[in-house]
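Asks: Shown below is the structure under consideration.
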Amino acid sequence: MMGISESMELVRATAMPGCPARVNTGDLTIANGHRLTRDLLQLDTPPDAIFAICDSAAFGAMQAIKSRGLCIPNDMALAGFTDEPVAALVEPALATVAQPTFAIGQIAAQLFLAQIRGGASYQPTTQVLKTRLVIRESSQKKSNSR
């Protein structure tokens, strides 16, 4: 499993030529998503897509994009991560990566109990769970756009 540093390096290394990837960091709030997106929109060449660390940050990004009079997804595509229930209700509906939250909770509890029972002899383990891409309107440019 990669940490944030390795993930950021992978994003930068796999960016399309002439289209640099930019990784901004911050907390997982609507306000931070708004602030970071506002900063991105002030660049000489703003991005044409944003993948937010969580749906809350994507909702803030959505606010910032719309406040500039831009259209999602035609001017800027947007996706989040977590598949919050409201993601399907916002306009446009937010594309997102659904994570298995119930399974995450179950496994976290199991690992916690195993650590308590194992004490000093406990050996940490890694669990990898499958996610699911949920494609919605915020990532689908209209065919008659630009």
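In the structure tokens, each chain is lettered A, B, ... as it comes, each chain's residues begin at 1, and ligands are numbered from 1 in order of appearance.
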Against stretch 37-42 of chain A, which residues of stretch 69-97 of chain A fall within 12 Å? For each one I want the closest pair of atoms and the distance in Å (one decimal), counting only C-alpha atoms, rows by chain and increasing residue number, as a tab-separated table.
Replies:
```
residue	atom	partner	partner_atom	distance
A:Gly69	CA	A:Leu41	CA	11.3
A:Leu70	CA	A:Leu41	CA	10.1
A:Asp75	CA	A:Leu41	CA	11.2
A:Met76	CA	A:Leu41	CA	10.1
A:Leu78	CA	A:Thr37	CA	10.8
```
Asks: Write down as a PyMOL selection string the residues belonging to stretch 14-126 of chain A that are assigned alpha helix (DSSP H) by DSSP computed on the backbone.
Replies: chain A and resi 30-41+55-67+101-118
Asks: Keeping only N, CA and C atoms, write the selected residues to a file as a tab-separated table (two decimals), in the first residue's frame.
Replies:
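See out07.tsv below for the written result:
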```tsv
chain	number	residue	atom	x	y	z
A	30	ILE	N	-15.46	20.79	3.16
A	30	ILE	CA	-16.03	21.57	2.07
A	30	ILE	C	-15.25	22.88	1.91
A	31	ALA	N	-14.97	23.53	3.04
A	31	ALA	CA	-14.26	24.82	3.00
A	31	ALA	C	-12.89	24.68	2.36
A	32	ASN	N	-12.17	23.63	2.68
A	32	ASN	CA	-10.84	23.44	2.11
A	32	ASN	C	-10.94	23.12	0.61
A	33	GLY	N	-11.91	22.31	0.22
A	33	GLY	CA	-12.11	22.03	-1.20
A	33	GLY	C	-12.40	23.30	-1.98
A	34	HIS	N	-13.18	24.18	-1.37
A	34	HIS	CA	-13.51	25.47	-1.99
A	34	HIS	C	-12.25	26.32	-2.13
A	35	ARG	N	-11.49	26.42	-1.05
A	35	ARG	CA	-10.28	27.25	-1.04
A	35	ARG	C	-9.26	26.75	-2.07
A	36	LEU	N	-8.99	25.44	-2.06
A	36	LEU	CA	-8.00	24.90	-2.99
A	36	LEU	C	-8.44	25.07	-4.45
A	37	THR	N	-9.72	24.88	-4.71
A	37	THR	CA	-10.22	25.04	-6.07
A	37	THR	C	-10.16	26.50	-6.50
A	38	ARG	N	-10.52	27.40	-5.61
A	38	ARG	CA	-10.42	28.84	-5.92
A	38	ARG	C	-8.99	29.18	-6.31
A	39	ASP	N	-8.01	28.62	-5.58
A	39	ASP	CA	-6.60	28.87	-5.91
A	39	ASP	C	-6.24	28.29	-7.28
A	40	LEU	N	-6.75	27.09	-7.57
A	40	LEU	CA	-6.48	26.48	-8.88
A	40	LEU	C	-7.07	27.30	-10.02
A	41	LEU	N	-8.24	27.85	-9.79
A	41	LEU	CA	-8.92	28.63	-10.83
A	41	LEU	C	-8.21	29.95	-11.12
A	55	ASP	N	-15.61	13.32	-1.08
A	55	ASP	CA	-16.78	14.00	-1.64
A	55	ASP	C	-16.99	15.38	-1.00
A	56	SER	N	-16.71	15.51	0.29
A	56	SER	CA	-16.89	16.82	0.94
A	56	SER	C	-16.02	17.88	0.26
A	57	ALA	N	-14.76	17.55	0.02
A	57	ALA	CA	-13.88	18.49	-0.67
A	57	ALA	C	-14.39	18.76	-2.09
A	58	ALA	N	-14.95	17.73	-2.73
A	58	ALA	CA	-15.51	17.92	-4.08
A	58	ALA	C	-16.71	18.85	-4.05
A	59	PHE	N	-17.52	18.80	-3.00
A	59	PHE	CA	-18.66	19.71	-2.89
A	59	PHE	C	-18.17	21.15	-2.78
A	60	GLY	N	-17.09	21.36	-2.03
A	60	GLY	CA	-16.50	22.69	-1.95
A	60	GLY	C	-15.94	23.13	-3.29
A	61	ALA	N	-15.31	22.20	-4.01
A	61	ALA	CA	-14.80	22.50	-5.35
A	61	ALA	C	-15.95	22.89	-6.27
A	62	MET	N	-17.05	22.18	-6.15
A	62	MET	CA	-18.24	22.46	-6.97
A	62	MET	C	-18.72	23.89	-6.73
A	63	GLN	N	-18.75	24.31	-5.46
A	63	GLN	CA	-19.16	25.67	-5.12
A	63	GLN	C	-18.23	26.69	-5.78
A	64	ALA	N	-16.92	26.45	-5.67
A	64	ALA	CA	-15.95	27.40	-6.22
A	64	ALA	C	-16.05	27.48	-7.74
A	65	ILE	N	-16.21	26.35	-8.38
A	65	ILE	CA	-16.32	26.31	-9.84
A	65	ILE	C	-17.56	27.07	-10.30
A	66	LYS	N	-18.69	26.80	-9.66
A	66	LYS	CA	-19.94	27.46	-10.04
A	66	LYS	C	-19.89	28.95	-9.73
A	67	SER	N	-19.22	29.34	-8.64
A	67	SER	CA	-19.16	30.76	-8.29
A	67	SER	C	-18.37	31.57	-9.32
A	101	THR	N	-17.64	1.13	3.00
A	101	THR	CA	-17.53	1.66	4.36
A	101	THR	C	-17.92	0.65	5.44
A	102	PHE	N	-18.94	-0.15	5.20
A	102	PHE	CA	-19.33	-1.14	6.19
A	102	PHE	C	-18.21	-2.15	6.40
A	103	ALA	N	-17.65	-2.64	5.30
A	103	ALA	CA	-16.55	-3.60	5.39
A	103	ALA	C	-15.33	-2.98	6.06
A	104	ILE	N	-15.07	-1.71	5.79
A	104	ILE	CA	-13.95	-1.02	6.43
A	104	ILE	C	-14.14	-1.02	7.95
A	105	GLY	N	-15.35	-0.72	8.39
A	105	GLY	CA	-15.65	-0.73	9.83
A	105	GLY	C	-15.49	-2.11	10.43
A	106	GLN	N	-16.01	-3.13	9.75
A	106	GLN	CA	-15.90	-4.51	10.25
A	106	GLN	C	-14.44	-4.92	10.38
A	107	ILE	N	-13.66	-4.69	9.35
A	107	ILE	CA	-12.25	-5.10	9.36
A	107	ILE	C	-11.47	-4.31	10.41
A	108	ALA	N	-11.77	-3.01	10.53
A	108	ALA	CA	-11.09	-2.20	11.55
A	108	ALA	C	-11.36	-2.75	12.94
A	109	ALA	N	-12.60	-3.13	13.22
A	109	ALA	CA	-12.95	-3.70	14.52
A	109	ALA	C	-12.23	-5.03	14.74
A	110	GLN	N	-12.21	-5.87	13.71
A	110	GLN	CA	-11.52	-7.16	13.81
A	110	GLN	C	-10.03	-6.98	14.08
A	111	LEU	N	-9.41	-6.06	13.36
A	111	LEU	CA	-7.98	-5.81	13.55
A	111	LEU	C	-7.69	-5.22	14.93
A	112	PHE	N	-8.57	-4.36	15.39
A	112	PHE	CA	-8.41	-3.77	16.72
A	112	PHE	C	-8.48	-4.85	17.79
A	113	LEU	N	-9.46	-5.73	17.69
A	113	LEU	CA	-9.59	-6.83	18.67
A	113	LEU	C	-8.40	-7.77	18.57
A	114	ALA	N	-7.92	-8.05	17.37
A	114	ALA	CA	-6.75	-8.91	17.21
A	114	ALA	C	-5.52	-8.28	17.86
A	115	GLN	N	-5.41	-6.97	17.75
A	115	GLN	CA	-4.28	-6.28	18.36
A	115	GLN	C	-4.36	-6.35	19.88
A	116	ILE	N	-5.55	-6.18	20.42
A	116	ILE	CA	-5.73	-6.27	21.87
A	116	ILE	C	-5.38	-7.68	22.35
A	117	ARG	N	-5.91	-8.68	21.66
A	117	ARG	CA	-5.66	-10.08	22.05
A	117	ARG	C	-4.19	-10.46	21.88
A	118	GLY	N	-3.54	-9.96	20.83
A	118	GLY	CA	-2.16	-10.33	20.53
A	118	GLY	C	-1.14	-9.61	21.38
```
Asks: Write out, as a Markdown table, each residue of stretch 104-143 of chain A that has an atom at most 10 Å from stretch 83-88 of chain A, together with the closest pair of atoms and their distance in Å to one decimal, counting only C-alpha atoms, rows going by chain and rising number.
Replies:
```
| residue | atom | partner | partner_atom | distance |
| --- | --- | --- | --- | --- |
| A:Arg132 | CA | A:Asp83 | CA | 9.4 |
| A:Leu133 | CA | A:Asp83 | CA | 9.2 |
| A:Val134 | CA | A:Asp83 | CA | 7.8 |
| A:Arg136 | CA | A:Ala88 | CA | 7.8 |
| A:Glu137 | CA | A:Ala88 | CA | 9.3 |
```
Asks: Put those residues in a file: N, CA and C atoms, as a compact mmCIF listing (two decimals), in the first residue's frame.
Replies:
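Ended up saving to again00.txt:
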```txt
# COMPACT_ATOMS: atom_id res chain seq x y z
N ARG A 132 -15.26 1.03 -6.13
CA ARG A 132 -16.08 0.99 -7.35
C ARG A 132 -16.22 2.41 -7.88
N LEU A 133 -15.91 2.59 -9.16
CA LEU A 133 -16.06 3.89 -9.79
C LEU A 133 -17.54 4.12 -10.11
N VAL A 134 -18.07 5.24 -9.64
CA VAL A 134 -19.46 5.61 -9.89
C VAL A 134 -19.44 6.81 -10.84
N ARG A 136 -20.93 9.65 -12.87
CA ARG A 136 -22.12 10.50 -12.87
C ARG A 136 -21.85 11.72 -13.72
N GLU A 137 -22.82 12.61 -13.81
CA GLU A 137 -22.79 13.75 -14.73
C GLU A 137 -21.58 14.67 -14.57
```
Asks: Quick one: residues within 7 Å of A:Ala52, only C-alpha atoms, excluding same-chain residues fewer than 6 positions away - as number ranges by chain?
Replies: A: 58, 79-81
Asks: Can you pull out the residues contacting A:Thr82? Cut-off 7 Å, using only C-alpha atoms, and skip same-chain residues under 6 positions away; I want them as a VMD selection string.
Replies: chain A and resid 54 to 55 96 to 99
Asks: Output N, CA, C and O atoms for every residue in that selection, as a compact mmCIF listing (two decimals), in the first residue's frame.
Replies:
```txt
# COMPACT_ATOMS: atom_id res chain seq x y z
N CYS A 54 -12.01 13.58 -1.20
CA CYS A 54 -13.26 13.05 -0.64
C CYS A 54 -14.42 13.85 -1.23
O CYS A 54 -14.22 14.91 -1.80
N ASP A 55 -15.61 13.32 -1.08
CA ASP A 55 -16.78 14.00 -1.64
C ASP A 55 -16.99 15.38 -1.00
O ASP A 55 -17.39 16.32 -1.69
N THR A 96 -17.79 9.70 -8.44
CA THR A 96 -17.05 9.41 -7.22
C THR A 96 -16.53 7.99 -7.23
O THR A 96 -16.90 7.18 -8.08
N VAL A 97 -15.68 7.70 -6.28
CA VAL A 97 -15.21 6.33 -6.06
C VAL A 97 -15.87 5.86 -4.78
O VAL A 97 -15.68 6.46 -3.72
N ALA A 98 -16.68 4.80 -4.89
CA ALA A 98 -17.37 4.26 -3.72
C ALA A 98 -16.43 3.33 -2.98
O ALA A 98 -15.79 2.47 -3.58
N GLN A 99 -16.35 3.55 -1.69
CA GLN A 99 -15.55 2.64 -0.87
C GLN A 99 -16.49 1.82 0.01
O GLN A 99 -17.56 2.29 0.38
```
Asks: Mind checking which residues fall within 6 Å of A:Ser139, counting only C-alpha atoms, ignoring those fewer than 6 positions away in the same chain, and posting them as an MDAnalysis selection string?
Replies: chainID A and resid 73 77:78 95
Asks: As a count of residues only, please: all residues of chain A that backbone DSSP puts in strand (DSSP E or B).
Replies: 16
Asks: Name the closest residue to A:Lys142 among the candidates A:Ile50, A:Asn74, A:Leu89, A:Gly26; distances are taken between atoms, counting only C-alpha atoms.
Replies: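 Answer, going by the shortest atom-to-atom distance: A:Asn74.
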